[in-house]
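See below for the structure under consideration.
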There are 2 protein chains.
Amino acid sequence: MKDLIGNLAEELTRLPGIGRKTAQRLAYFILAMPEEEARSIARAIVDVKEKARFCPVCFNVTGEELCSICNDGAREQERLCVVEEPSNIAVIERTGLYRGRYHVLLGSLSPMDGVTPERLKLRELKERVENSAVKEVIVATNPNTRGEMTARYIKEMLAPYRVKVTRIAYGLPMGGDIEYADEVTLGKALEGRRELS
Amino acid sequence: MKDLIGNLAEELTRLPGIGRKTAQRLAYFILAMPEEEARSIARAIVDVKEKARFCPVCFNVTGEELCSICNDGAREQERLCVVEEPSNIAVIERTGLYRGRYHVLLGSLSPMDGVTPERLKLRELKERVENSAVKEVIVATNPNTRGEMTARYIKEMLAPYRVKVTRIAYGLPMGGDIEYADEVTLGKALEGRRELS
């Protein structure tokens, strides 16, 4: 441990998007931080590794028995939003537009890579639909080949049940420019056009 | 500690340049990291806070009695590079062009803010010049009002000694474009012109 700052900087470069210069800058910033704040960051890192587990209902990450969303009685029981990863939940939550619950698949189908339906939390999704008041399953898997395949699989898997299966819309990103849109997205945006009201 | 990931993300936003989204992304990355690596980051943070101190010779940050540069017998004794902050040392070291030693002032003069010469490591600089084989003091304080004032102060302070006091050059940043240079920098670049050889 000859060079504390150099060591911390090197550790920080393990993180994505943090290069050598940024790491160095962060290391000096941490050096100058109140000790309690620095310890608090370190503790949060260790806590995540020590206490994180999957919510047994929706497979979100949590430090409790149930995740905070499953535990929240105010969330709608009728809607289930299916996502690939726990991190996707935060993105959807930030829209502030969704008040239902979630189901995390922990991946997306890719038979060529050995990710078959049994490897994902698909059986658990079916069981939730069977045993609950869910009326709509919103499939929010990624808009790519794997996410699409997974969405179609879910659609078929849930066909026997009285549940609406919807897919989040494709289209142009807000603030974007048609000039720079790729043709596939633009085609999807055309297909998905809605009447102005 | 309801939401481990949310808590870690919030802790990480204390760091400069890390917004909410980046923090969330980092938190999930840490969650997926090998436990030993995550612990290693946490440990490096705590180590910096617990063990960091100033090198009693040059005021660089170190975890040892002397900093690694002062401890390195291969570094030139004749040249001393004066910088404002310990973090500046890493920047100069990265050039690979300097083999001398350093002296960190731990700030720059700003009498209006109460940063008078006694608040900086200026007396210690004078003592090093008095009591060592230093032949050149390279002043690498920032190219701004405070750094300039500090440079001039050092020049006067060391006038009685047989030591050359130099200032790092001003000029156009490499890879830049004259078109976008501000006139002060461009003026300095003109002033500092050198004969092509």
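Residues are named by chain letter and number: chains run A, B, ... in the order of the structure tokens, numbers start at 1 in each chain, and ligands are numbered from 1 in the order shown.
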Excluding B:Pro16 and its own-chain neighbours fewer than 3 positions away, which residues fall within 8 Å of it when counting only C-alpha atoms? Please give them as a ChimeraX atom specification. /A:26,29 /B:13
Atoms kept (N, CA, C and O atoms) for selection, written as a CSV table (one decimal), in the first residue's frame:
chain,number,residue,atom,x,y,z
A,26,LEU,N,-11.5,11.5,-8.7
A,26,LEU,CA,-12.4,11.0,-7.7
A,26,LEU,C,-11.6,10.7,-6.4
A,26,LEU,O,-12.1,10.9,-5.3
A,29,PHE,N,-10.9,13.7,-4.6
A,29,PHE,CA,-12.1,14.2,-4.0
A,29,PHE,C,-12.4,13.4,-2.7
A,29,PHE,O,-12.8,14.0,-1.7
B,13,THR,N,-23.6,9.5,-5.7
B,13,THR,CA,-23.9,10.8,-6.3
B,13,THR,C,-23.1,11.9,-5.5
B,13,THR,O,-23.1,13.0,-5.9
Check every residue of chain B for an atom within 8 Å of chain A, counting only C-alpha atoms, and provide those that qualify as a PyMOL selection string. chain B and resi 1-5+7-8+11-12+15-16+24-26+28-31+35+38-49+51-52+61-64+67-68+87
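Here the question is which of B:Tyr102, B:Tyr170, B:Tyr161, B:Tyr153 gets nearest to B:Val129 using only C-alpha atoms, and that residue is B:Tyr161.
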Using only C-alpha atoms, determine which residues lie at most 12 Å from A:Val184, disregarding the query and same-chain residues fewer than 3 positions distant; provide the list as a PDB file with N, CA, C and O atoms, in the first residue's frame.
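Dumped everything to out08.pdb:
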ATOM      1  N   PRO A 143     -35.785  -3.570 -27.047  1.00  0.00           N
ATOM      2  CA  PRO A 143     -36.194  -3.566 -28.455  1.00  0.00           C
ATOM      3  C   PRO A 143     -35.097  -4.117 -29.354  1.00  0.00           C
ATOM      4  O   PRO A 143     -34.621  -3.425 -30.242  1.00  0.00           O
ATOM      5  N   ASN A 144     -34.683  -5.340 -29.100  1.00  0.00           N
ATOM      6  CA  ASN A 144     -33.694  -6.001 -29.973  1.00  0.00           C
ATOM      7  C   ASN A 144     -34.132  -7.446 -30.186  1.00  0.00           C
ATOM      8  O   ASN A 144     -35.178  -7.871 -29.680  1.00  0.00           O
ATOM      9  N   TYR A 170     -42.552   1.295 -29.947  1.00  0.00           N
ATOM     10  CA  TYR A 170     -41.334   1.725 -30.625  1.00  0.00           C
ATOM     11  C   TYR A 170     -41.588   3.088 -31.232  1.00  0.00           C
ATOM     12  O   TYR A 170     -42.715   3.410 -31.589  1.00  0.00           O
ATOM     13  N   GLY A 171     -40.556   3.845 -31.436  1.00  0.00           N
ATOM     14  CA  GLY A 171     -40.737   5.132 -32.100  1.00  0.00           C
ATOM     15  C   GLY A 171     -39.497   5.970 -31.996  1.00  0.00           C
ATOM     16  O   GLY A 171     -38.443   5.511 -31.561  1.00  0.00           O
ATOM     17  N   LEU A 172     -39.643   7.209 -32.394  1.00  0.00           N
ATOM     18  CA  LEU A 172     -38.502   8.114 -32.347  1.00  0.00           C
ATOM     19  C   LEU A 172     -38.263   8.562 -30.913  1.00  0.00           C
ATOM     20  O   LEU A 172     -39.213   8.859 -30.199  1.00  0.00           O
ATOM     21  N   ILE A 178     -35.644  13.524 -36.972  1.00  0.00           N
ATOM     22  CA  ILE A 178     -35.988  12.506 -37.973  1.00  0.00           C
ATOM     23  C   ILE A 178     -34.811  12.254 -38.902  1.00  0.00           C
ATOM     24  O   ILE A 178     -34.537  11.134 -39.308  1.00  0.00           O
ATOM     25  N   TYR A 180     -31.852  11.975 -38.344  1.00  0.00           N
ATOM     26  CA  TYR A 180     -30.846  11.043 -37.844  1.00  0.00           C
ATOM     27  C   TYR A 180     -31.428   9.711 -37.391  1.00  0.00           C
ATOM     28  O   TYR A 180     -30.708   8.866 -36.884  1.00  0.00           O
ATOM     29  N   ALA A 181     -32.723   9.535 -37.576  1.00  0.00           N
ATOM     30  CA  ALA A 181     -33.333   8.277 -37.135  1.00  0.00           C
ATOM     31  C   ALA A 181     -32.949   7.149 -38.084  1.00  0.00           C
ATOM     32  O   ALA A 181     -32.898   7.352 -39.293  1.00  0.00           O
ATOM     33  N   GLY A 187     -39.477   3.306 -39.409  1.00  0.00           N
ATOM     34  CA  GLY A 187     -40.550   2.428 -39.885  1.00  0.00           C
ATOM     35  C   GLY A 187     -41.491   2.070 -38.756  1.00  0.00           C
ATOM     36  O   GLY A 187     -42.720   2.112 -38.896  1.00  0.00           O
ATOM     37  N   LYS A 188     -40.911   1.740 -37.590  1.00  0.00           N
ATOM     38  CA  LYS A 188     -41.734   1.376 -36.430  1.00  0.00           C
ATOM     39  C   LYS A 188     -42.550   2.578 -35.970  1.00  0.00           C
ATOM     40  O   LYS A 188     -43.692   2.447 -35.547  1.00  0.00           O
ATOM     41  N   ALA A 189     -41.955   3.765 -36.068  1.00  0.00           N
ATOM     42  CA  ALA A 189     -42.661   4.972 -35.651  1.00  0.00           C
ATOM     43  C   ALA A 189     -43.850   5.251 -36.554  1.00  0.00           C
ATOM     44  O   ALA A 189     -44.913   5.692 -36.099  1.00  0.00           O
ATOM     45  N   LEU A 190     -43.672   4.956 -37.837  1.00  0.00           N
ATOM     46  CA  LEU A 190     -44.770   5.125 -38.783  1.00  0.00           C
ATOM     47  C   LEU A 190     -45.884   4.134 -38.491  1.00  0.00           C
ATOM     48  O   LEU A 190     -47.051   4.494 -38.390  1.00  0.00           O
ATOM     49  N   GLU A 191     -45.468   2.861 -38.356  1.00  0.00           N
ATOM     50  CA  GLU A 191     -46.440   1.808 -38.036  1.00  0.00           C
ATOM     51  C   GLU A 191     -47.253   2.136 -36.800  1.00  0.00           C
ATOM     52  O   GLU A 191     -48.434   1.856 -36.733  1.00  0.00           O
TER      53      GLU A 191
END
What's around stretch 131-140 of chain B at 10 Å? Count only C-alpha atoms, leave out sequence neighbours fewer than 6 positions away in its own chain, and write the answer as a tab-separated table (two decimals) with all heavy atoms, in the first residue's frame.
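Saved file result_33.tsv follows:
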chain	number	residue	atom	x	y	z
B	76	GLU	N	15.93	13.30	-9.41
B	76	GLU	CA	16.92	14.38	-9.36
B	76	GLU	C	16.73	15.28	-8.15
B	76	GLU	O	15.62	15.67	-7.83
B	76	GLU	CB	16.80	15.25	-10.62
B	76	GLU	CG	17.13	14.55	-11.91
B	76	GLU	CD	16.76	15.42	-13.11
B	76	GLU	OE1	16.37	16.58	-12.91
B	76	GLU	OE2	16.86	14.90	-14.24
B	77	GLN	N	17.84	15.63	-7.51
B	77	GLN	CA	17.80	16.52	-6.36
B	77	GLN	C	17.83	17.98	-6.78
B	77	GLN	O	17.57	18.87	-5.99
B	77	GLN	CB	19.04	16.27	-5.46
B	77	GLN	CG	19.20	14.86	-4.97
B	77	GLN	CD	18.44	14.60	-3.69
B	77	GLN	OE1	17.73	15.48	-3.19
B	77	GLN	NE2	18.55	13.40	-3.17
B	78	GLU	N	18.24	18.22	-8.03
B	78	GLU	CA	18.52	19.60	-8.47
B	78	GLU	C	17.28	20.37	-8.85
B	78	GLU	O	17.30	21.59	-8.92
B	78	GLU	CB	19.49	19.59	-9.67
B	78	GLU	CG	20.84	18.98	-9.39
B	78	GLU	CD	20.77	17.44	-9.39
B	78	GLU	OE1	19.85	16.89	-10.04
B	78	GLU	OE2	21.59	16.82	-8.72
B	79	ARG	N	16.21	19.65	-9.18
B	79	ARG	CA	15.01	20.33	-9.66
B	79	ARG	C	13.84	20.11	-8.71
B	79	ARG	O	13.61	19.00	-8.24
B	79	ARG	CB	14.64	19.80	-11.04
B	79	ARG	CG	14.95	20.78	-12.17
B	79	ARG	CD	14.67	20.16	-13.52
B	79	ARG	NE	15.79	19.31	-13.91
B	79	ARG	CZ	16.89	19.77	-14.49
B	79	ARG	NH1	17.02	21.05	-14.75
B	79	ARG	NH2	17.87	18.95	-14.82
B	80	LEU	N	13.13	21.21	-8.48
B	80	LEU	CA	11.96	21.14	-7.61
B	80	LEU	C	10.80	21.74	-8.39
B	80	LEU	O	10.91	22.87	-8.87
B	80	LEU	CB	12.24	21.99	-6.36
B	80	LEU	CG	11.69	21.58	-5.03
B	80	LEU	CD1	12.05	20.15	-4.70
B	80	LEU	CD2	12.25	22.51	-3.95
B	81	CYS	N	9.74	21.01	-8.53
B	81	CYS	CA	8.57	21.54	-9.24
B	81	CYS	C	7.52	21.91	-8.20
B	81	CYS	O	7.08	21.07	-7.41
B	81	CYS	CB	8.03	20.48	-10.20
B	81	CYS	SG	6.60	21.04	-11.11
B	82	VAL	N	7.12	23.17	-8.18
B	82	VAL	CA	6.16	23.65	-7.17
B	82	VAL	C	4.75	23.60	-7.75
B	82	VAL	O	4.49	24.19	-8.81
B	82	VAL	CB	6.50	25.09	-6.76
B	82	VAL	CG1	5.47	25.60	-5.76
B	82	VAL	CG2	7.90	25.16	-6.18
B	83	VAL	N	3.87	22.88	-7.06
B	83	VAL	CA	2.48	22.79	-7.53
B	83	VAL	C	1.54	23.23	-6.40
B	83	VAL	O	1.95	23.31	-5.25
B	83	VAL	CB	2.12	21.35	-7.97
B	83	VAL	CG1	2.91	20.96	-9.21
B	83	VAL	CG2	2.35	20.36	-6.84
B	84	GLU	N	0.29	23.49	-6.77
B	84	GLU	CA	-0.67	23.93	-5.76
B	84	GLU	C	-1.22	22.76	-4.95
B	84	GLU	O	-1.36	22.85	-3.73
B	84	GLU	CB	-1.83	24.68	-6.43
B	84	GLU	CG	-1.39	25.97	-7.11
B	84	GLU	CD	-2.56	26.76	-7.69
B	84	GLU	OE1	-3.73	26.46	-7.37
B	84	GLU	OE2	-2.30	27.68	-8.49
B	88	ASN	N	-1.98	17.65	-8.62
B	88	ASN	CA	-1.23	18.16	-9.77
B	88	ASN	C	-0.01	17.29	-10.08
B	88	ASN	O	0.45	17.24	-11.22
B	88	ASN	CB	-0.77	19.60	-9.52
B	88	ASN	CG	-1.91	20.57	-9.25
B	88	ASN	OD1	-1.74	21.55	-8.57
B	88	ASN	ND2	-3.10	20.27	-9.77
B	89	ILE	N	0.52	16.64	-9.05
B	89	ILE	CA	1.72	15.82	-9.25
B	89	ILE	C	1.45	14.70	-10.26
B	89	ILE	O	2.23	14.47	-11.17
B	89	ILE	CB	2.21	15.23	-7.90
B	89	ILE	CG1	2.71	16.37	-7.00
B	89	ILE	CG2	3.31	14.19	-8.13
B	89	ILE	CD1	3.20	15.92	-5.64
B	92	ILE	N	1.55	15.90	-13.85
B	92	ILE	CA	2.91	16.13	-14.36
B	92	ILE	C	3.65	14.80	-14.54
B	92	ILE	O	4.35	14.60	-15.53
B	92	ILE	CB	3.68	17.09	-13.43
B	92	ILE	CG1	2.98	18.46	-13.46
B	92	ILE	CG2	5.14	17.22	-13.86
B	92	ILE	CD1	3.53	19.47	-12.48
B	100	GLY	N	12.55	15.28	-11.57
B	100	GLY	CA	12.94	15.94	-10.34
B	100	GLY	C	11.96	15.65	-9.21
B	100	GLY	O	11.20	14.69	-9.26
B	101	ARG	N	12.01	16.49	-8.19
B	101	ARG	CA	11.12	16.33	-7.05
B	101	ARG	C	10.04	17.41	-7.06
B	101	ARG	O	10.03	18.27	-7.93
B	101	ARG	CB	11.95	16.36	-5.77
B	101	ARG	CG	12.79	15.09	-5.65
B	101	ARG	CD	14.03	15.25	-4.84
B	101	ARG	NE	14.87	14.07	-5.00
B	101	ARG	CZ	14.79	12.98	-4.20
B	101	ARG	NH1	13.93	12.95	-3.20
B	101	ARG	NH2	15.58	11.95	-4.41
B	102	TYR	N	9.15	17.33	-6.08
B	102	TYR	CA	8.03	18.26	-6.05
B	102	TYR	C	7.98	19.00	-4.73
B	102	TYR	O	8.55	18.57	-3.72
B	102	TYR	CB	6.70	17.51	-6.23
B	102	TYR	CG	6.53	16.93	-7.60
B	102	TYR	CD1	6.93	15.63	-7.89
B	102	TYR	CD2	5.97	17.71	-8.62
B	102	TYR	CE1	6.77	15.11	-9.18
B	102	TYR	CE2	5.81	17.19	-9.90
B	102	TYR	CZ	6.21	15.90	-10.17
B	102	TYR	OH	6.06	15.38	-11.42
B	103	HIS	N	7.20	20.09	-4.73
B	103	HIS	CA	6.84	20.76	-3.49
B	103	HIS	C	5.40	21.24	-3.64
B	103	HIS	O	5.09	22.01	-4.55
B	103	HIS	CB	7.78	21.93	-3.21
B	103	HIS	CG	7.58	22.51	-1.84
B	103	HIS	ND1	8.21	22.02	-0.72
B	103	HIS	CD2	6.77	23.51	-1.40
B	103	HIS	CE1	7.83	22.70	0.34
B	103	HIS	NE2	6.94	23.61	-0.04
B	104	VAL	N	4.55	20.76	-2.77
B	104	VAL	CA	3.13	21.10	-2.86
B	104	VAL	C	2.83	22.25	-1.90
B	104	VAL	O	3.13	22.16	-0.70
B	104	VAL	CB	2.25	19.88	-2.49
B	104	VAL	CG1	0.78	20.23	-2.69
B	104	VAL	CG2	2.63	18.66	-3.31
B	125	LEU	N	9.14	25.68	1.55
B	125	LEU	CA	9.82	25.72	0.26
B	125	LEU	C	11.15	26.45	0.39
B	125	LEU	O	12.19	25.97	-0.08
B	125	LEU	CB	8.92	26.41	-0.78
B	125	LEU	CG	9.56	26.69	-2.15
B	125	LEU	CD1	10.00	25.40	-2.84
B	125	LEU	CD2	8.60	27.47	-3.05
B	147	GLY	N	-2.65	31.74	-9.19
B	147	GLY	CA	-1.42	31.01	-9.50
B	147	GLY	C	-0.29	31.95	-9.90
B	147	GLY	O	0.87	31.76	-9.52
B	148	GLU	N	-0.65	32.99	-10.64
B	148	GLU	CA	0.34	33.99	-11.08
B	148	GLU	C	0.90	34.75	-9.89
B	148	GLU	O	2.10	34.98	-9.78
B	148	GLU	CB	-0.33	34.99	-12.04
B	148	GLU	CG	-0.54	34.46	-13.43
B	148	GLU	CD	0.75	33.92	-14.00
B	148	GLU	OE1	1.72	34.68	-14.11
B	148	GLU	OE2	0.78	32.71	-14.29
B	150	THR	N	1.01	33.80	-6.86
B	150	THR	CA	1.83	32.88	-6.09
B	150	THR	C	3.20	32.70	-6.74
B	150	THR	O	4.23	32.68	-6.06
B	150	THR	CB	1.12	31.50	-5.98
B	150	THR	OG1	-0.24	31.73	-5.55
B	150	THR	CG2	1.81	30.60	-4.99
B	151	ALA	N	3.20	32.60	-8.06
B	151	ALA	CA	4.47	32.44	-8.80
B	151	ALA	C	5.38	33.65	-8.56
B	151	ALA	O	6.57	33.50	-8.29
B	151	ALA	CB	4.19	32.25	-10.29
B	152	ARG	N	4.77	34.84	-8.65
B	152	ARG	CA	5.58	36.05	-8.45
B	152	ARG	C	6.10	36.11	-7.01
B	152	ARG	O	7.25	36.50	-6.77
B	152	ARG	CB	4.75	37.30	-8.76
B	152	ARG	CG	4.71	37.61	-10.26
B	152	ARG	CD	4.28	39.06	-10.51
B	152	ARG	NE	3.00	39.36	-9.88
B	152	ARG	CZ	1.81	39.15	-10.46
B	152	ARG	NH1	1.74	38.65	-11.67
B	152	ARG	NH2	0.70	39.43	-9.81
B	154	ILE	N	6.83	33.61	-5.10
B	154	ILE	CA	7.93	32.64	-4.98
B	154	ILE	C	9.21	33.20	-5.61
B	154	ILE	O	10.30	33.08	-5.04
B	154	ILE	CB	7.54	31.29	-5.64
B	154	ILE	CG1	6.45	30.61	-4.81
B	154	ILE	CG2	8.76	30.37	-5.79
B	154	ILE	CD1	5.82	29.40	-5.48
B	155	LYS	N	9.04	33.83	-6.76
B	155	LYS	CA	10.19	34.44	-7.45
B	155	LYS	C	10.91	35.42	-6.50
B	155	LYS	O	12.13	35.37	-6.34
B	155	LYS	CB	9.68	35.17	-8.70
B	155	LYS	CG	10.70	36.00	-9.44
B	155	LYS	CD	11.68	35.14	-10.22
B	155	LYS	CE	12.80	36.00	-10.80
B	155	LYS	NZ	13.95	35.22	-11.20
B	158	LEU	N	12.56	33.77	-3.35
B	158	LEU	CA	13.78	33.00	-3.60
B	158	LEU	C	14.90	33.85	-4.22
B	158	LEU	O	15.99	33.35	-4.51
B	158	LEU	CB	13.47	31.78	-4.48
B	158	LEU	CG	12.50	30.78	-3.86
B	158	LEU	CD1	12.29	29.60	-4.82
B	158	LEU	CD2	13.01	30.27	-2.51
B	161	TYR	N	18.53	33.63	-3.12
B	161	TYR	CA	19.25	32.36	-3.22
B	161	TYR	C	19.78	32.11	-4.62
B	161	TYR	O	19.24	32.62	-5.59
B	161	TYR	CB	18.34	31.21	-2.77
B	161	TYR	CG	17.78	31.44	-1.39
B	161	TYR	CD1	16.54	32.04	-1.21
B	161	TYR	CD2	18.55	31.12	-0.27
B	161	TYR	CE1	16.05	32.29	0.06
B	161	TYR	CE2	18.06	31.37	1.00
B	161	TYR	CZ	16.82	31.95	1.17
B	161	TYR	OH	16.36	32.21	2.41
B	162	ARG	N	20.82	31.30	-4.72
B	162	ARG	CA	21.39	30.98	-6.03
B	162	ARG	C	20.59	29.86	-6.67
B	162	ARG	O	21.06	28.74	-6.82
B	162	ARG	CB	22.85	30.53	-5.87
B	162	ARG	CG	23.80	31.68	-5.56
B	162	ARG	CD	25.18	31.11	-5.31
B	162	ARG	NE	25.64	30.39	-6.51
B	162	ARG	CZ	26.49	30.91	-7.39
B	162	ARG	NH1	27.01	32.09	-7.21
B	162	ARG	NH2	26.84	30.21	-8.45
B	163	VAL	N	19.37	30.18	-7.02
B	163	VAL	CA	18.51	29.16	-7.61
B	163	VAL	C	17.75	29.80	-8.76
B	163	VAL	O	17.36	30.97	-8.70
B	163	VAL	CB	17.55	28.58	-6.54
B	163	VAL	CG1	16.58	29.66	-6.05
B	163	VAL	CG2	16.78	27.39	-7.05
B	164	LYS	N	17.62	29.07	-9.85
B	164	LYS	CA	16.88	29.58	-11.00
B	164	LYS	C	15.39	29.32	-10.74
B	164	LYS	O	15.01	28.21	-10.38
B	164	LYS	CB	17.35	28.83	-12.25
B	164	LYS	CG	16.81	29.39	-13.54
B	164	LYS	CD	17.71	29.01	-14.73
B	164	LYS	CE	17.53	27.55	-15.12
B	164	LYS	NZ	18.19	27.22	-16.40
B	165	VAL	N	14.55	30.34	-10.90
B	165	VAL	CA	13.11	30.14	-10.74
B	165	VAL	C	12.46	30.25	-12.11
B	165	VAL	O	12.51	31.30	-12.75
B	165	VAL	CB	12.49	31.18	-9.77
B	165	VAL	CG1	10.99	30.94	-9.62
B	165	VAL	CG2	13.18	31.10	-8.41
B	166	THR	N	11.86	29.17	-12.59
B	166	THR	CA	11.23	29.18	-13.92
B	166	THR	C	9.73	28.97	-13.79
B	166	THR	O	9.23	28.53	-12.76
B	166	THR	CB	11.81	28.07	-14.83
B	166	THR	OG1	11.59	26.82	-14.20
B	166	THR	CG2	13.30	28.27	-15.06
B	167	ARG	N	9.03	29.32	-14.86
B	167	ARG	CA	7.57	29.18	-14.87
B	167	ARG	C	7.21	28.31	-16.06
B	167	ARG	O	7.78	28.50	-17.15
B	167	ARG	CB	6.97	30.60	-15.03
B	167	ARG	CG	5.45	30.68	-15.03
B	167	ARG	CD	4.92	30.71	-13.63
B	167	ARG	NE	3.47	30.94	-13.58
B	167	ARG	CZ	2.59	29.97	-13.36
B	167	ARG	NH1	2.98	28.74	-13.15
B	167	ARG	NH2	1.30	30.25	-13.30
B	168	ILE	N	6.30	27.38	-15.89
B	168	ILE	CA	5.89	26.56	-17.03
B	168	ILE	C	5.30	27.47	-18.11
B	168	ILE	O	4.75	28.52	-17.81
B	168	ILE	CB	4.83	25.49	-16.63
B	168	ILE	CG1	3.72	26.12	-15.78
B	168	ILE	CG2	5.50	24.36	-15.89
B	168	ILE	CD1	2.51	25.23	-15.67
B	169	ALA	N	5.42	27.02	-19.37
B	169	ALA	CA	5.04	27.87	-20.50
B	169	ALA	C	3.54	27.96	-20.69
B	169	ALA	O	2.79	27.03	-20.41
B	169	ALA	CB	5.69	27.33	-21.77
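Among B:Thr145, B:Thr95, B:Phe54, B:Met157, the residue with the shortest atom-to-atom distance to B:Glu127, counting only C-alpha atoms, is B:Met157.
Between atom CA of A:Lys121 and atom CA of A:Arg99 lies a distance of 21.7 Å.
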Write out as a ChimeraX atom specification the set of residues from chain B that DSSP, computed on the backbone, places in strand (DSSP E or B). /B:53-54,61-62,79-83,101-104,110,115,136-139,164-167
Could you pull out the helix (DSSP H, G or I) residues of stretch 26-55 of chain A, going by DSSP on the backbone, and write them as a ChimeraX atom specification? /A:26-32,35-51
Those selected residues, please, written with N, CA, C and O atoms and delivered as a short mmCIF file (atom, residue, chain, number, x, y, z; two decimals), in the first residue's frame.
data_model
loop_
_atom_site.label_atom_id
_atom_site.label_comp_id
_atom_site.auth_asym_id
_atom_site.auth_seq_id
_atom_site.Cartn_x
_atom_site.Cartn_y
_atom_site.Cartn_z
N LEU A 26 -11.48 11.50 -8.72
CA LEU A 26 -12.38 11.01 -7.68
C LEU A 26 -11.60 10.67 -6.41
O LEU A 26 -12.05 10.94 -5.30
N ALA A 27 -10.43 10.07 -6.59
CA ALA A 27 -9.64 9.66 -5.43
C ALA A 27 -9.26 10.88 -4.59
O ALA A 27 -9.37 10.86 -3.36
N TYR A 28 -8.84 11.95 -5.24
CA TYR A 28 -8.50 13.16 -4.50
C TYR A 28 -9.74 13.79 -3.87
O TYR A 28 -9.68 14.36 -2.78
N PHE A 29 -10.85 13.67 -4.55
CA PHE A 29 -12.09 14.19 -3.98
C PHE A 29 -12.44 13.42 -2.71
O PHE A 29 -12.80 14.01 -1.68
N ILE A 30 -12.32 12.10 -2.77
CA ILE A 30 -12.62 11.27 -1.60
C ILE A 30 -11.67 11.61 -0.46
O ILE A 30 -12.08 11.70 0.69
N LEU A 31 -10.42 11.82 -0.81
CA LEU A 31 -9.43 12.20 0.20
C LEU A 31 -9.88 13.45 0.97
O LEU A 31 -9.69 13.56 2.18
N ALA A 32 -10.51 14.38 0.24
CA ALA A 32 -10.88 15.65 0.86
C ALA A 32 -12.27 15.61 1.50
O ALA A 32 -12.67 16.55 2.20
N GLU A 35 -14.79 12.39 6.59
CA GLU A 35 -14.55 10.96 6.75
C GLU A 35 -15.85 10.16 6.79
O GLU A 35 -15.94 9.08 6.22
N GLU A 36 -16.86 10.71 7.47
CA GLU A 36 -18.10 9.94 7.62
C GLU A 36 -18.77 9.68 6.27
O GLU A 36 -19.32 8.62 6.03
N GLU A 37 -18.68 10.66 5.37
CA GLU A 37 -19.27 10.48 4.03
C GLU A 37 -18.53 9.40 3.24
O GLU A 37 -19.13 8.58 2.57
N ALA A 38 -17.21 9.43 3.33
CA ALA A 38 -16.42 8.44 2.61
C ALA A 38 -16.72 7.04 3.14
O ALA A 38 -16.92 6.09 2.38
N ARG A 39 -16.80 6.93 4.47
CA ARG A 39 -17.12 5.63 5.07
C ARG A 39 -18.50 5.16 4.65
O ARG A 39 -18.76 3.97 4.50
N SER A 40 -19.38 6.10 4.49
CA SER A 40 -20.75 5.79 4.14
C SER A 40 -20.82 5.20 2.72
O SER A 40 -21.56 4.25 2.47
N ILE A 41 -20.01 5.72 1.83
CA ILE A 41 -19.94 5.16 0.48
C ILE A 41 -19.39 3.73 0.55
O ILE A 41 -19.94 2.80 -0.02
N ALA A 42 -18.30 3.58 1.29
CA ALA A 42 -17.67 2.26 1.40
C ALA A 42 -18.66 1.24 1.98
O ALA A 42 -18.76 0.10 1.52
N ARG A 43 -19.42 1.69 2.98
CA ARG A 43 -20.38 0.80 3.64
C ARG A 43 -21.48 0.39 2.67
O ARG A 43 -21.90 -0.76 2.63
N ALA A 44 -21.94 1.35 1.87
CA ALA A 44 -23.01 1.04 0.91
C ALA A 44 -22.55 0.01 -0.11
O ALA A 44 -23.32 -0.86 -0.53
N ILE A 45 -21.28 0.08 -0.49
CA ILE A 45 -20.73 -0.90 -1.44
C ILE A 45 -20.73 -2.29 -0.81
O ILE A 45 -21.19 -3.26 -1.40
N VAL A 46 -20.22 -2.36 0.42
CA VAL A 46 -20.16 -3.65 1.10
C VAL A 46 -21.56 -4.20 1.37
O VAL A 46 -21.84 -5.38 1.20
N ASP A 47 -22.47 -3.30 1.76
CA ASP A 47 -23.85 -3.70 2.03
C ASP A 47 -24.50 -4.36 0.82
O ASP A 47 -25.20 -5.37 0.94
N VAL A 48 -24.28 -3.74 -0.34
CA VAL A 48 -24.89 -4.29 -1.54
C VAL A 48 -24.40 -5.71 -1.76
O VAL A 48 -25.16 -6.61 -2.10
N LYS A 49 -23.08 -5.90 -1.56
CA LYS A 49 -22.55 -7.24 -1.79
C LYS A 49 -23.01 -8.22 -0.70
O LYS A 49 -23.23 -9.39 -0.98
N GLU A 50 -23.14 -7.75 0.51
CA GLU A 50 -23.48 -8.66 1.61
C GLU A 50 -24.96 -8.98 1.69
O GLU A 50 -25.34 -10.09 2.03
N LYS A 51 -25.79 -7.97 1.42
CA LYS A 51 -27.21 -8.13 1.74
C LYS A 51 -28.14 -8.27 0.55
O LYS A 51 -29.30 -8.60 0.72
#
